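Colleague: Let me give you the structure first, and then I'll get to my questions.
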Amino acid sequence: MSGELDQQPVSSADEDLRTALQAAQLPTDDLDEDGRSFFQFTDRSATIGYGGLEHYGDCALLRSLVVLPQQRGHGYGEAITRQLLVQATRGGADTIYLLTDSAIPFFERLGFARVDRATAPAAILQTRQATGLCPASAALLTKTAQGEKSCPLLNVT
């Protein structure tokens, strides 16, 4: 990996985004709804993966994070996550949530912690991700910007 990845906004209608999410068995039914931002990440002009954010006041939902199969194993997932977290905090979020049923250990290594869904703000609980697109078995994880020394991925420089 050559350092920070190039990050460009991408339309929710982008076929490469949709294909990558479908191949990773991630939801695509709500991509066109308002309030979602998606990004393509590249390294030396090669597409590495995609990720998205939904902002809800002082919290955000990290979603649609996928590294293309041929790019896995090089630290790109962490780099994409880090860049999306920085973007979320710059956009005013001090707490970031995500739902996953397959990447819990990955996100826990990055400082996310599992929380009971009942403790999440209503805005997060009312997202299409939480109400039906993700299975009920999906874990809700969160990371806060408080105590930035213990959350280095949220340090904004």
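Each chain in the structure tokens gets a letter, A, B, ..., in the order shown, and its residues are numbered from 1; ligands are numbered from 1 in order too.
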Enumerate the residues of segment 46-101 of chain A with a DSSP assignment of helix (DSSP H, G or I), computed from the backbone, and present them as a count of residues only.
Modeller: 18
Colleague: Just want the 12 Å neighbourhood of segment 107-110 of chain A, counted on only C-alpha atoms, with same-chain residues fewer than 3 positions away dropped. Output as a ChimeraX atom specification.
Modeller: /A:62,65,75,77-82,85,96-104,113-115,139-144,150-154
Colleague: Measuring between only C-alpha atoms, which one of A:Ser64, A:Gly92, A:Asp29, A:Gly111 shows the shortest distance to Leu17 of chain A?
Modeller: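 Checking each of A:Ser64, A:Gly92, A:Asp29, A:Gly111 against Leu17 of chain A, counting only C-alpha atoms, the winner is A:Ser64.
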Colleague: Between atom CA of Pro9 of chain A and atom CA of Ser37 of chain A, what is the distance in Å, rounded to a tenth?
Modeller: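 That distance, rounded to one decimal, is 7.3 Å.
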Colleague: Mind listing the strand (DSSP E or B) residues of chain A, per DSSP on the backbone, as a ChimeraX atom specification?
Modeller: /A:6-10,36-43,46-56,59-67,95-100,113-115,139-144
Colleague: Within 6 Å of Asp94 of chain A, counting only C-alpha atoms, which residues qualify if same-chain residues fewer than 3 places away don't, as a ChimeraX atom specification?
Modeller: /A:58-59,89,144-145
Colleague: With N, CA and C atoms kept, could you save the residues just selected as a JSON list (two decimals), in the first residue's frame?
Modeller:
[["chain", "number", "residue", "atom", "x", "y", "z"],
["A", 58, "ASP", "N", -25.07, 14.10, 15.16],
["A", 58, "ASP", "CA", -23.75, 13.85, 15.74],
["A", 58, "ASP", "C", -23.34, 12.38, 15.69],
["A", 59, "CYS", "N", -24.06, 11.58, 14.90],
["A", 59, "CYS", "CA", -23.64, 10.20, 14.71],
["A", 59, "CYS", "C", -23.70, 9.86, 13.22],
["A", 89, "THR", "N", -16.08, 12.18, 11.24],
["A", 89, "THR", "CA", -15.86, 13.13, 12.32],
["A", 89, "THR", "C", -15.77, 14.55, 11.79],
["A", 144, "THR", "N", -16.47, 5.87, 19.38],
["A", 144, "THR", "CA", -16.70, 7.28, 19.65],
["A", 144, "THR", "C", -15.42, 8.08, 19.47],
["A", 145, "ALA", "N", -15.58, 9.36, 19.26],
["A", 145, "ALA", "CA", -14.44, 10.26, 19.12],
["A", 145, "ALA", "C", -13.96, 10.74, 20.48]]
